[in-house]
Structure formats: structure tokens, C-alpha cells
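The file structure_39.pdb contains PDB, C-alpha atoms:
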ATOM      1  CA  MET A1485     -19.972 -17.255 -58.384
ATOM      2  CA  ILE A1486     -21.411 -14.469 -56.233
ATOM      3  CA  PHE A1487     -19.878 -13.604 -52.870
ATOM      4  CA  PHE A1488     -21.834 -11.775 -50.197
ATOM      5  CA  VAL A1489     -19.874  -9.640 -47.763
ATOM      6  CA  GLN A1490     -21.563  -9.357 -44.408
ATOM      7  CA  GLU A1491     -21.433  -5.806 -43.102
ATOM      8  CA  VAL A1492     -20.064  -5.558 -39.573
ATOM      9  CA  LYS A1493     -22.200  -3.353 -37.354
ATOM     10  CA  THR A1494     -20.335  -1.317 -34.760
ATOM     11  CA  THR A1495     -21.681  -0.671 -31.289
ATOM     12  CA  LEU A1496     -20.405   2.106 -29.043
ATOM     13  CA  HIS A1497     -20.772   1.266 -25.358
ATOM     14  CA  VAL A1498     -21.143   4.460 -23.341
ATOM     15  CA  LYS A1499     -20.847   5.269 -19.652
ATOM     16  CA  LEU A1500     -21.144   8.889 -18.539
ATOM     17  CA  PHE A1501     -20.380  10.595 -15.233
ATOM     18  CA  THR A1502     -22.046  13.826 -14.236
ATOM     19  CA  VAL A1503     -22.055  16.839 -11.967
ATOM     20  CA  ARG A1504     -25.471  18.508 -11.752
ATOM     21  CA  ASP A1505     -26.635  16.725 -14.944
ATOM     22  CA  LYS A1506     -23.608  17.938 -16.917
ATOM     23  CA  ILE A1507     -21.026  15.491 -18.268
ATOM     24  CA  CYS A1508     -17.746  15.546 -16.327
ATOM     25  CA  ALA A1509     -16.214  12.227 -17.478
ATOM     26  CA  TRP A1510     -16.835   9.425 -19.950
ATOM     27  CA  ASP A1511     -15.859   5.851 -20.735
ATOM     28  CA  MET A1512     -16.747   4.774 -24.293
ATOM     29  CA  HIS A1513     -15.687   1.693 -26.243
ATOM     30  CA  ASP A1514     -16.199   0.798 -29.916
ATOM     31  CA  ASP A1515     -16.449  -2.998 -29.875
ATOM     32  CA  VAL A1516     -15.376  -3.525 -33.512
ATOM     33  CA  SER A1517     -12.403  -1.183 -33.899
ATOM     34  CA  ASP A1518     -11.536  -1.698 -30.187
ATOM     35  CA  THR A1519     -11.250   2.078 -29.851
ATOM     36  CA  TYR A1520     -11.552   3.677 -26.434
ATOM     37  CA  TYR A1521     -12.666   7.225 -25.697
ATOM     38  CA  ASN A1522     -11.947   8.128 -22.089
ATOM     39  CA  GLY A1523     -11.498  11.453 -20.389
ATOM     40  CA  GLY A1524     -12.795  14.199 -18.201
ATOM     41  CA  ALA A1525     -13.830  17.809 -18.582
ATOM     42  CA  ARG A1526     -15.034  20.776 -16.544
ATOM     43  CA  PRO A1527     -18.827  20.558 -16.652
ATOM     44  CA  PHE A1528     -19.413  24.308 -16.307
ATOM     45  CA  LYS A1529     -17.866  27.196 -18.222
ATOM     46  CA  ASN A1530     -17.404  29.346 -15.136
ATOM     47  CA  LYS A1531     -14.706  27.843 -12.916
ATOM     48  CA  SER A1532     -15.803  29.842  -9.880
ATOM     49  CA  PHE A1533     -19.261  28.238 -10.055
ATOM     50  CA  MET A1534     -17.603  24.926  -9.197
ATOM     51  CA  ASP A1535     -16.728  26.315  -5.744
ATOM     52  CA  GLU A1536     -20.399  26.988  -5.031
ATOM     53  CA  LEU A1537     -21.401  23.332  -5.495
ATOM     54  CA  ASN A1538     -21.899  20.939  -2.601
ATOM     55  CA  SER A1539     -19.538  18.032  -2.029
ATOM     56  CA  SER A1540     -22.454  15.682  -2.722
ATOM     57  CA  ASP A1541     -22.648  17.073  -6.281
ATOM     58  CA  PHE A1542     -19.338  15.344  -7.014
ATOM     59  CA  TYR A1543     -20.428  11.923  -5.782
ATOM     60  CA  ASP A1544     -20.664  10.508  -9.319
ATOM     61  CA  SER A1545     -17.428  12.120 -10.514
ATOM     62  CA  PRO A1546     -14.193  10.094 -10.718
ATOM     63  CA  PHE A1547     -12.308  13.409 -10.495
ATOM     64  CA  THR A1548     -12.128  15.819  -7.563
ATOM     65  CA  ARG A1549     -13.449  19.357  -7.681
ATOM     66  CA  LYS A1550      -9.892  20.686  -8.008
ATOM     67  CA  GLN A1551      -9.041  18.280 -10.840
ATOM     68  CA  LEU A1552     -12.209  19.158 -12.754
ATOM     69  CA  LYS A1553     -11.508  22.888 -12.477
ATOM     70  CA  ALA A1554      -8.137  22.336 -14.192
ATOM     71  CA  LEU A1555      -9.681  20.407 -17.109
ATOM     72  CA  PRO A1556     -10.994  21.967 -20.343
ATOM     73  CA  TYR A1557     -14.651  22.984 -20.588
ATOM     74  CA  ILE A1558     -16.876  20.102 -21.738
ATOM     75  CA  ILE A1559     -18.095  21.985 -24.834
ATOM     76  CA  LYS A1560     -14.535  21.798 -26.196
ATOM     77  CA  LYS A1561     -14.939  18.014 -26.221
ATOM     78  CA  ALA A1562     -18.011  18.106 -28.486
ATOM     79  CA  ASP A1563     -15.963  17.052 -31.529
ATOM     80  CA  LEU A1564     -14.763  13.940 -29.698
ATOM     81  CA  PHE A1565     -18.320  12.855 -28.875
ATOM     82  CA  GLU A1566     -19.517  13.696 -32.370
ATOM     83  CA  GLU A1567     -16.757  11.569 -33.922
ATOM     84  CA  ALA A1568     -17.437   8.621 -31.610
ATOM     85  CA  PHE A1569     -21.204   8.755 -32.224
ATOM     86  CA  GLU A1570     -20.773   9.275 -35.972
ATOM     87  CA  ASN A1571     -18.535   6.210 -36.325
ATOM     88  CA  ALA A1572     -20.962   3.930 -34.508
ATOM     89  CA  ASP A1573     -23.933   2.162 -36.052
ATOM     90  CA  SER A1574     -25.622   2.006 -32.667
ATOM     91  CA  ILE A1575     -24.992   3.350 -29.179
ATOM     92  CA  THR A1576     -25.541   1.228 -26.082
ATOM     93  CA  PRO A1577     -25.596   3.392 -22.935
ATOM     94  CA  GLU A1578     -25.319   2.189 -19.346
ATOM     95  CA  GLY A1579     -28.000   4.628 -18.245
ATOM     96  CA  ASN A1580     -30.653   7.046 -19.460
ATOM     97  CA  TYR A1581     -28.330   9.697 -20.868
ATOM     98  CA  GLU A1582     -30.498  11.554 -23.402
ATOM     99  CA  ASN A1583     -31.404  14.442 -21.103
ATOM    100  CA  ILE A1584     -27.820  14.608 -19.809
ATOM    101  CA  ILE A1585     -26.433  14.961 -23.344
ATOM    102  CA  LYS A1586     -29.125  17.514 -24.190
ATOM    103  CA  SER A1587     -28.324  19.498 -21.032
ATOM    104  CA  THR A1588     -24.579  19.370 -21.734
ATOM    105  CA  PHE A1589     -24.381  20.072 -25.481
ATOM    106  CA  GLY A1590     -27.822  21.463 -26.318
ATOM    107  CA  ASP A1591     -30.769  19.991 -28.208
ATOM    108  CA  LYS A1592     -29.596  21.571 -31.488
ATOM    109  CA  SER A1593     -26.115  20.035 -31.322
ATOM    110  CA  ASN A1594     -24.894  17.253 -33.599
ATOM    111  CA  VAL A1595     -23.868  15.296 -30.516
ATOM    112  CA  TYR A1596     -27.451  15.208 -29.260
ATOM    113  CA  ARG A1597     -28.879  14.517 -32.735
ATOM    114  CA  LEU A1598     -26.578  11.527 -33.293
ATOM    115  CA  TYR A1599     -27.237  10.153 -29.828
ATOM    116  CA  HIS A1600     -30.994  10.512 -30.246
ATOM    117  CA  GLU A1601     -30.837   8.694 -33.607
ATOM    118  CA  LYS A1602     -28.546   5.828 -32.599
ATOM    119  CA  ALA A1603     -28.992   5.151 -28.887
ATOM    120  CA  ILE A1604     -30.869   2.004 -27.924
ATOM    121  CA  ALA A1605     -32.278   1.012 -24.539
ATOM    122  CA  PRO A1606     -29.752   1.191 -21.681
ATOM    123  CA  GLU A1607     -27.709  -1.944 -21.047
ATOM    124  CA  ILE A1608     -27.969  -2.621 -17.333
ATOM    125  CA  SER A1609     -25.505  -5.338 -16.402
ATOM    126  CA  THR A1610     -26.220  -7.474 -13.352
ATOM    127  CA  PHE A1611     -22.529  -8.276 -12.921
ATOM    128  CA  LYS A1612     -19.630  -5.866 -13.197
ATOM    129  CA  PRO A1613     -16.151  -7.374 -13.706
ATOM    130  CA  THR A1614     -14.026  -5.907 -10.918
ATOM    131  CA  LEU A1615     -10.247  -5.519 -10.792
ATOM    132  CA  TYR A1616      -8.618  -5.407  -7.355
ATOM    133  CA  ILE A1617      -5.088  -4.038  -7.739
ATOM    134  CA  ASP A1618      -2.107  -2.697  -5.842
ATOM    135  CA  PHE A1619       1.069  -1.119  -7.239
ATOM    136  CA  GLU A1620       4.537  -0.641  -5.815
ATOM    137  CA  ALA A1621       6.620   2.228  -7.156
ATOM    138  CA  VAL A1622      10.019   3.915  -7.083
ATOM    139  CA  ASN A1623       9.810   7.689  -7.135
ATOM    140  CA  MET A1624       6.144   7.418  -8.283
ATOM    141  CA  ARG A1625       6.955   5.113 -11.233
ATOM    142  CA  ILE A1626       5.536   1.585 -11.144
ATOM    143  CA  CYS A1627       7.986  -1.224 -10.392
ATOM    144  CA  GLY A1628       5.633  -4.011  -9.304
ATOM    145  CA  TRP A1629       1.981  -5.015  -9.142
ATOM    146  CA  TYR A1630      -0.544  -7.672  -8.250
ATOM    147  CA  ALA A1631      -4.180  -7.759  -9.360
ATOM    148  CA  GLU A1632      -7.186 -10.036  -9.285
ATOM    149  CA  LEU A1633      -9.853  -9.623 -11.961
ATOM    150  CA  GLU A1634     -13.132 -11.022 -10.658
ATOM    151  CA  LEU A1635     -15.213 -12.268 -13.586
ATOM    152  CA  GLU A1636     -18.602 -13.972 -13.413
ATOM    153  CA  ASN A1637     -17.197 -17.500 -13.550
ATOM    154  CA  GLU A1638     -13.476 -17.137 -12.857
ATOM    155  CA  THR A1639     -10.756 -15.002 -11.318
ATOM    156  CA  ILE A1640      -7.748 -13.947 -13.405
ATOM    157  CA  THR A1641      -4.551 -12.876 -11.629
ATOM    158  CA  TYR A1642      -1.921 -10.450 -12.900
ATOM    159  CA  GLU A1643       1.495 -10.117 -11.293
ATOM    160  CA  GLY A1644       4.810  -8.656 -12.349
ATOM    161  CA  ILE A1645       7.963  -6.626 -11.789
ATOM    162  CA  ALA A1646       9.338  -3.879 -14.020
ATOM    163  CA  LYS A1647      12.311  -1.565 -14.153
ATOM    164  CA  PRO A1648      10.943   1.956 -13.551
ATOM    165  CA  PHE A1649      14.079   3.851 -14.652
ATOM    166  CA  SER A1650      16.911   2.946 -17.028
ATOM    167  CA  ASP A1651      19.491   4.965 -15.100
ATOM    168  CA  THR A1652      21.240   2.359 -12.913
ATOM    169  CA  ARG A1653      23.078   4.969 -10.828
ATOM    170  CA  PHE A1654      19.873   6.794 -10.037
ATOM    171  CA  MET A1655      18.130   3.554  -9.148
ATOM    172  CA  LYS A1656      20.986   2.451  -6.849
ATOM    173  CA  ARG A1657      20.978   5.805  -5.115
ATOM    174  CA  MET A1658      17.216   5.707  -4.570
ATOM    175  CA  TRP A1659      17.401   2.092  -3.479
ATOM    176  CA  ASP A1660      20.086   2.668  -0.846
ATOM    177  CA  LYS A1661      18.451   5.850   0.393
ATOM    178  CA  VAL A1662      14.800   4.790   0.617
ATOM    179  CA  TYR A1663      13.438   1.759  -1.174
ATOM    180  CA  SER A1664      15.547  -1.131   0.131
ATOM    181  CA  GLU A1665      13.404  -0.980   3.280
ATOM    182  CA  LEU A1666      10.090  -0.470   1.492
ATOM    183  CA  LEU A1667       9.896  -2.927  -1.397
ATOM    184  CA  PRO A1668       9.468  -6.721  -1.312
ATOM    185  CA  TYR A1669      11.797  -7.118  -4.327
ATOM    186  CA  SER A1670      15.591  -7.166  -4.526
ATOM    187  CA  PHE A1671      17.532  -4.535  -6.444
ATOM    188  CA  ASP A1672      18.632  -7.158  -8.978
ATOM    189  CA  ASP A1673      15.038  -8.346  -9.463
ATOM    190  CA  ILE A1674      14.010  -4.844 -10.500
ATOM    191  CA  MET A1675      17.030  -4.013 -12.660
ATOM    192  CA  ASN A1676      16.834  -7.356 -14.515
ATOM    193  CA  ALA A1677      13.124  -6.920 -15.286
ATOM    194  CA  PRO A1678      11.755  -5.406 -18.542
ATOM    195  CA  HIS A1679      11.324  -1.619 -18.551
ATOM    196  CA  ILE A1680       7.905  -0.450 -17.372
ATOM    197  CA  ASN A1681       7.232   1.271 -20.724
ATOM    198  CA  LYS A1682       6.939  -2.172 -22.319
ATOM    199  CA  PHE A1683       3.877  -2.905 -20.174
ATOM    200  CA  LYS A1684       1.615  -0.084 -21.381
ATOM    201  CA  ARG A1685      -0.445  -2.298 -23.697
ATOM    202  CA  TYR A1686      -0.542  -4.957 -20.978
ATOM    203  CA  PHE A1687      -2.157  -2.527 -18.526
ATOM    204  CA  ILE A1688      -4.592  -1.195 -21.131
ATOM    205  CA  ASP A1689      -5.767  -4.745 -21.806
ATOM    206  CA  MET A1690      -6.056  -5.431 -18.078
ATOM    207  CA  PHE A1691      -7.977  -2.229 -17.282
ATOM    208  CA  SER A1692     -10.282  -2.650 -20.286
ATOM    209  CA  LYS A1693     -11.573  -5.979 -18.995
ATOM    210  CA  ALA A1694     -12.874  -4.346 -15.805
ATOM    211  CA  LYS A1695     -15.940  -2.215 -15.269
ATOM    212  CA  LYS A1696     -14.626  -1.222 -11.857
ATOM    213  CA  ILE A1697     -11.061  -0.950 -10.526
ATOM    214  CA  VAL A1698     -10.700  -1.132  -6.741
ATOM    215  CA  THR A1699      -7.706   0.222  -4.826
ATOM    216  CA  TYR A1700      -7.061   1.038  -1.188
ATOM    217  CA  GLY A1701      -6.052   4.694  -1.385
ATOM    218  CA  ASP A1702      -5.633   7.084  -4.299
ATOM    219  CA  THR A1703      -1.854   6.804  -4.775
ATOM    220  CA  ASP A1704      -2.178   3.935  -7.261
ATOM    221  CA  ALA A1705      -3.911   6.250  -9.727
ATOM    222  CA  PHE A1706      -1.076   8.751  -9.431
ATOM    223  CA  PHE A1707       1.474   5.972 -10.000
ATOM    224  CA  VAL A1708      -0.298   5.252 -13.307
ATOM    225  CA  GLN A1709      -0.259   8.944 -14.205
ATOM    226  CA  LYS A1710       3.437   9.469 -13.403
ATOM    227  CA  THR A1711       4.391   6.264 -15.238
ATOM    228  CA  PHE A1712       2.278   6.414 -18.394
ATOM    229  CA  GLY A1713       0.818   9.928 -18.604
ATOM    230  CA  ASP A1714      -2.662  11.439 -18.569
ATOM    231  CA  ASP A1715      -4.298   9.226 -21.220
ATOM    232  CA  LEU A1716      -3.819   5.980 -19.329
ATOM    233  CA  TYR A1717      -4.418   7.796 -16.038
ATOM    234  CA  ASN A1718      -7.870   8.863 -17.282
ATOM    235  CA  PHE A1719      -8.527   5.321 -18.485
ATOM    236  CA  PHE A1720      -7.690   4.032 -14.986
ATOM    237  CA  LYS A1721      -9.173   6.865 -12.940
ATOM    238  CA  ILE A1722     -12.608   6.745 -14.537
ATOM    239  CA  LYS A1723     -13.033   3.115 -13.433
ATOM    240  CA  ASN A1724     -11.186   3.500 -10.133
ATOM    241  CA  SER A1725     -12.912   3.285  -6.767
ATOM    242  CA  ASP A1726     -10.821   4.141  -3.709
ATOM    243  CA  VAL A1727     -12.243   2.029  -0.889
ATOM    244  CA  SER A1728     -10.002   3.380   1.876
ATOM    245  CA  ILE A1729     -11.815   4.059   5.147
ATOM    246  CA  HIS A1730     -11.769   7.634   6.447
ATOM    247  CA  TYR A1731     -12.058   8.914   9.993
ATOM    248  CA  GLY A1732     -12.839  12.576   9.646
ATOM    249  CA  SER A1733     -10.302  13.965   7.196
ATOM    250  CA  THR A1734      -7.808  11.164   7.900
ATOM    251  CA  SER A1735      -7.549   7.971   5.887
ATOM    252  CA  ILE A1736      -7.077   4.804   7.934
ATOM    253  CA  SER A1737      -4.138   2.754   6.695
ATOM    254  CA  LEU A1738      -4.714  -0.763   5.414
ATOM    255  CA  GLU A1739      -2.678  -2.155   8.312
ATOM    256  CA  LYS A1740      -4.899  -0.402  10.869
ATOM    257  CA  LEU A1741      -8.003  -1.558   9.028
ATOM    258  CA  CYS A1742      -6.710  -5.142   9.197
ATOM    259  CA  LYS A1743      -6.356  -4.798  12.973
ATOM    260  CA  LEU A1744      -9.918  -3.479  13.244
ATOM    261  CA  CYS A1745     -11.202  -6.349  11.087
ATOM    262  CA  ASN A1746      -8.951  -8.905  12.782
ATOM    263  CA  VAL A1747      -7.375  -9.850   9.451
ATOM    264  CA  GLN A1748      -3.957 -11.490   9.681
ATOM    265  CA  MET A1749      -1.879 -12.726   6.772
ATOM    266  CA  ASP A1750       1.723 -13.814   6.548
ATOM    267  CA  GLY A1751       3.862 -12.149   3.929
ATOM    268  CA  ALA A1752       6.367  -9.420   3.225
ATOM    269  CA  VAL A1753       5.467  -5.856   4.120
ATOM    270  CA  HIS A1754       4.324  -3.849   1.057
ATOM    271  CA  ASP A1755       3.942  -7.020  -1.001
ATOM    272  CA  PRO A1756       1.197  -6.025  -3.480
ATOM    273  CA  LYS A1757      -0.271  -9.548  -3.479
ATOM    274  CA  ILE A1758      -0.639  -9.579   0.297
ATOM    275  CA  ASP A1759      -2.111  -6.052   0.254
ATOM    276  CA  VAL A1760      -4.730  -7.026  -2.341
ATOM    277  CA  LEU A1761      -5.683 -10.129  -0.364
ATOM    278  CA  LYS A1762      -5.908  -8.080   2.849
ATOM    279  CA  MET A1763      -8.014  -5.420   1.138
ATOM    280  CA  ARG A1764     -10.430  -7.989  -0.280
ATOM    281  CA  ARG A1765     -10.794  -9.803   3.043
ATOM    282  CA  CYS A1766     -11.453  -6.539   4.920
ATOM    283  CA  LEU A1767     -14.075  -5.541   2.350
ATOM    284  CA  GLU A1768     -15.779  -8.908   2.736
ATOM    285  CA  ILE A1769     -15.946  -8.458   6.518
ATOM    286  CA  ILE A1770     -17.259  -4.892   6.216
ATOM    287  CA  ASN A1771     -19.924  -5.946   3.706
ATOM    288  CA  GLU A1772     -21.090  -8.690   6.062
ATOM    289  CA  LEU A1773     -21.743  -6.225   8.904
TER
END
This entry written out as C-alpha cells:
Amino acid sequence: MIFFVQEVKTTLHVKLFTVRDKICAWDMHDDVSDTYYNGGARPFKNKSFMDELNSSDFYDSPFTRKQLKALPYIIKKADLFEEAFENADSITPEGNYENIIKSTFGDKSNVYRLYHEKAIAPEISTFKPTLYIDFEAVNMRICGWYAELELENETITYEGIAKPFSDTRFMKRMWDKVYSELLPYSFDDIMNAPHINKFKRYFIDMFSKAKKIVTYGDTDAFFVQKTFGDDLYNFFKIKNSDVSIHYGSTSISLEKLCKLCNVQMDGAVHDPKIDVLKMRRCLEIINEL
């Protein structure tokens, strides 16, 4: 008897972010090994050159000018791209990236050669799964969350509470001093919940299902960073879109935006579910204008 083993072809899905046609961030996923490559880098060798760029040059970047200046130079990430491209049988980009990769790594580089050999036509999706999320935190570590993942034919909700610190004395001190007035949970609810570290895989799975992650304000990204570190922060940040409304250099709070949009909802203050619902309703009203 002869058995035939069907070879599994791997596809690397690639999304790149740029500053002046140089890569500054990336979101890549191998659909067979379920491997993710996410991160950011300084697009130019000379840090001082970054100060000469216009603010509009950073429109596509998920990182600020200051954050990019602190990151390693993109050429130092060539090995990462080479490994990801080498391991893939084909590369499916979200845009026309050939000239961007050539401009970033050079036309003689292995990164460009592999991309040129394996990249197929860009995959332009008409629908982008979007995650609307809000976190609550104690001392910048996540203790609660609510999210709605909008898929093409359904909406999936995520909700939970976690213990941000194991030290009960520290938690009680912080609770009595600050957070008893700020959080919609009780002290016992938080201390009886699983530790936040147990939810890392849970959040990776949640974030991976979204092409775009929407928050009102940029603090949620920093909660992820302080809780889980830079790797998961990059994973979140690259997909994250802060939809907070600005007046000059000042960000308008969600509560003030609700007043402007005449949005009223009953619920506890700082309840992440209520804040997500308010955010989504305000966005709907703004988009209808």
C-alpha cells in the first residue's frame, strides 16, 4: 500500500507601515505555524533626521516620532524579515510593498530577493475585523476589560476581571487610597479573580482575530505594555487606532464627547462595557455627519 503525504504550503500574511517609504513597523502572520512577527524600528539611521520630518510623515506609523527614535535601526531587523520570508512558501501582502522593501533593505539584500520571489498579488480585504476595547487598571496593570470584536457576520464579546498584583497588602493600600472610587469592581472581586499573567494567551488570541483595534485614548496601549511587556504591546499597538477627539493639543474626554453627541447610557462610572458602548455610539453619530 502506498501512502501519499500532502505537503502543507505556508503563507505569510504581511502588513507594513512606513515613514517616507521606509519600514517603521510590521505585522506578519504565518498561517500554518501560527507564528507572529510584530514590531517596530527606526526607519532612518540618523536619529536627528527624524526631527526634520513633518508630522504628516508619521501618519501611517503606529508609533510616535519619539518612540521610533528610541527603537533600533530597521537594518538590524533584516534577519527577522529574512527568516520570516525564508520559512514561507508564499507571501501575501496587504499592499504593494516591493519598492518599500527595496528602499528599506536594498535591491541586493536577501530580504528583497526572497520577497520578490515569493510575493503574490496584494490581498485587499473589503472587510476588516475590528476590536473595540477598554481596559481598567490598578497602577497601570490590567484588572478588568470589555471588548466587542466586529466580524462580518457576528459580534463576539470578551469580558473579564483579573488580579493585577499578588501582594494583598499593596492592593489594599492602593484600593483604599485611590481605586475604590475609580473602579466598578469590588476589592474581593479583584482579589478572588485569576492573576492577570494567566490571560496573556487569551489576549494574544483576541488581538490576533482583529485587523484593527479601536480604543478611546492611548492609555490602553500602555496598560498592555506595563502588564505584559513590549512584545504584546507591539502586537497591540500596531493594530491600535486611538479615536479620541482632539481640540488643539487637548484630548476631549469620552464623557464630554457623549455630551456633544447627546449619548446617554446608564451604568457604573468607568465600567469598561459602558465605555465601549458609549465610544461605539459616538463614532456612529460622528460617521453619520
Evaluate the PyMOL selection byres ((chain A and resi 1760) around 8) and report residues as a compact mmCIF listing (two decimals) with C-alpha atoms, in the frame of the given file:
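Saved file selection-v9.txt follows:
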# COMPACT_ATOMS: atom_id res chain seq x y z
CA TYR A 1616 -8.62 -5.41 -7.36
CA ILE A 1617 -5.09 -4.04 -7.74
CA ASP A 1618 -2.11 -2.70 -5.84
CA TYR A 1630 -0.54 -7.67 -8.25
CA ALA A 1631 -4.18 -7.76 -9.36
CA GLU A 1632 -7.19 -10.04 -9.28
CA PRO A 1756 1.20 -6.02 -3.48
CA LYS A 1757 -0.27 -9.55 -3.48
CA ILE A 1758 -0.64 -9.58 0.30
CA ASP A 1759 -2.11 -6.05 0.25
CA LEU A 1761 -5.68 -10.13 -0.36
CA LYS A 1762 -5.91 -8.08 2.85
CA MET A 1763 -8.01 -5.42 1.14
CA ARG A 1764 -10.43 -7.99 -0.28
Inset, instruction - Mind checking which residues fall within 6 Å of stretch 1494-1508 of chain A, counting only C-alpha atoms, ignoring those fewer than 4 positions away in the same chain, and posting them as JSON, numbers by chain? - result: {"A": [1512, 1513, 1514, 1515, 1516, 1524, 1525, 1526, 1527, 1541, 1542, 1544, 1545, 1572, 1573, 1574, 1575, 1576, 1577, 1578, 1584, 1588]}
May I have the selected residues written with C-alpha atoms, as a short mmCIF file (atom, residue, chain, number, x, y, z; two decimals), in the frame of the given file?
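out.cif written:
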data_model
loop_
_atom_site.label_atom_id
_atom_site.label_comp_id
_atom_site.auth_asym_id
_atom_site.auth_seq_id
_atom_site.Cartn_x
_atom_site.Cartn_y
_atom_site.Cartn_z
CA MET A 1512 -16.75 4.77 -24.29
CA HIS A 1513 -15.69 1.69 -26.24
CA ASP A 1514 -16.20 0.80 -29.92
CA ASP A 1515 -16.45 -3.00 -29.88
CA VAL A 1516 -15.38 -3.52 -33.51
CA GLY A 1524 -12.80 14.20 -18.20
CA ALA A 1525 -13.83 17.81 -18.58
CA ARG A 1526 -15.03 20.78 -16.54
CA PRO A 1527 -18.83 20.56 -16.65
CA ASP A 1541 -22.65 17.07 -6.28
CA PHE A 1542 -19.34 15.34 -7.01
CA ASP A 1544 -20.66 10.51 -9.32
CA SER A 1545 -17.43 12.12 -10.51
CA ALA A 1572 -20.96 3.93 -34.51
CA ASP A 1573 -23.93 2.16 -36.05
CA SER A 1574 -25.62 2.01 -32.67
CA ILE A 1575 -24.99 3.35 -29.18
CA THR A 1576 -25.54 1.23 -26.08
CA PRO A 1577 -25.60 3.39 -22.94
CA GLU A 1578 -25.32 2.19 -19.35
CA ILE A 1584 -27.82 14.61 -19.81
CA THR A 1588 -24.58 19.37 -21.73
#
Legend entry - Residue contacts of A:Asp1689 (12 Å, all atoms listed in the file) excluding same-chain residues fewer than 3 positions away, as an MDAnalysis selection string: chainID A and resid 1518:1520 1615 1633 1642 1683:1686 1692:1694 1716 1719:1720
Legend entry - Who sits within 7 Å of A:Phe1565, all atoms listed in the file, same chain under 4 positions skipped, as an NGL selection string: :A and (1561 or 1569 or 1595)
Inset, instruction - Write out as a ChimeraX atom specification the residues lying within 10 Å of A:Lys1531, counting all atoms listed in the file and excluding same-chain residues fewer than 4 positions away. - result: /A:1526-1527,1535-1536,1550,1552-1555,1557
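Across the model, the gap from atom CA of A:Asn1718 to atom CA of A:Ile1736 is 25.6 Å.
In this comparison, which uses all atoms listed in the file, the residue of A:Ile1674, A:Ile1770, A:Val1708, A:Val1727 approaching A:Cys1745 most closely is A:Ile1770.
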Inset, instruction - Carefully work through the PyMOL selection byres ((chain A and resi 1661-1667) around 12) for this structure and note down the residues it includes, as a ChimeraX atom specification. - result: /A:1619-1624,1626-1629,1645,1654-1660,1668-1674,1752-1756
Inset, instruction - Between A:Gly1713, A:Gly1701, A:Gly1751, A:Pro1613, single out the one closest to A:Ser1737, counting only C-alpha atoms. - result: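 Ranked by minimum distance to A:Ser1737, first place goes to A:Gly1701.
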Legend entry - Å distance separating atom CA of A:Asp1511 from atom CA of A:Ile1558, one decimal place: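 Computing it gives 14.3 Å between the two atoms.
The space separating atom CA of A:Glu1636 from atom CA of A:Lys1695 comes to 12.2 Å.
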Inset, instruction - Spell out the residues picked by the PyMOL selection byres ((chain A and resi 1586) around 12) here, as JSON, numbers by chain. - result: {"A": [1505, 1506, 1507, 1559, 1562, 1580, 1581, 1582, 1583, 1584, 1585, 1587, 1588, 1589, 1590, 1591, 1592, 1593, 1594, 1595, 1596, 1597, 1598, 1599, 1600]}
Inset, instruction - Using only C-alpha atoms, pick whichever of A:Pro1606, A:Asn1724, A:Val1698, A:Tyr1731 has the shortest atom-to-atom distance to A:Leu1767. - result: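 Nearest candidate to A:Leu1767 out of A:Pro1606, A:Asn1724, A:Val1698, A:Tyr1731: A:Val1698.
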Inset, instruction - Give the answer as one residue: which of A:Ser1609, A:Thr1652, A:Thr1711, A:Ser1539 has the shortest atom-to-atom distance to A:Phe1687, using all atoms listed in the file? - result: A:Thr1711
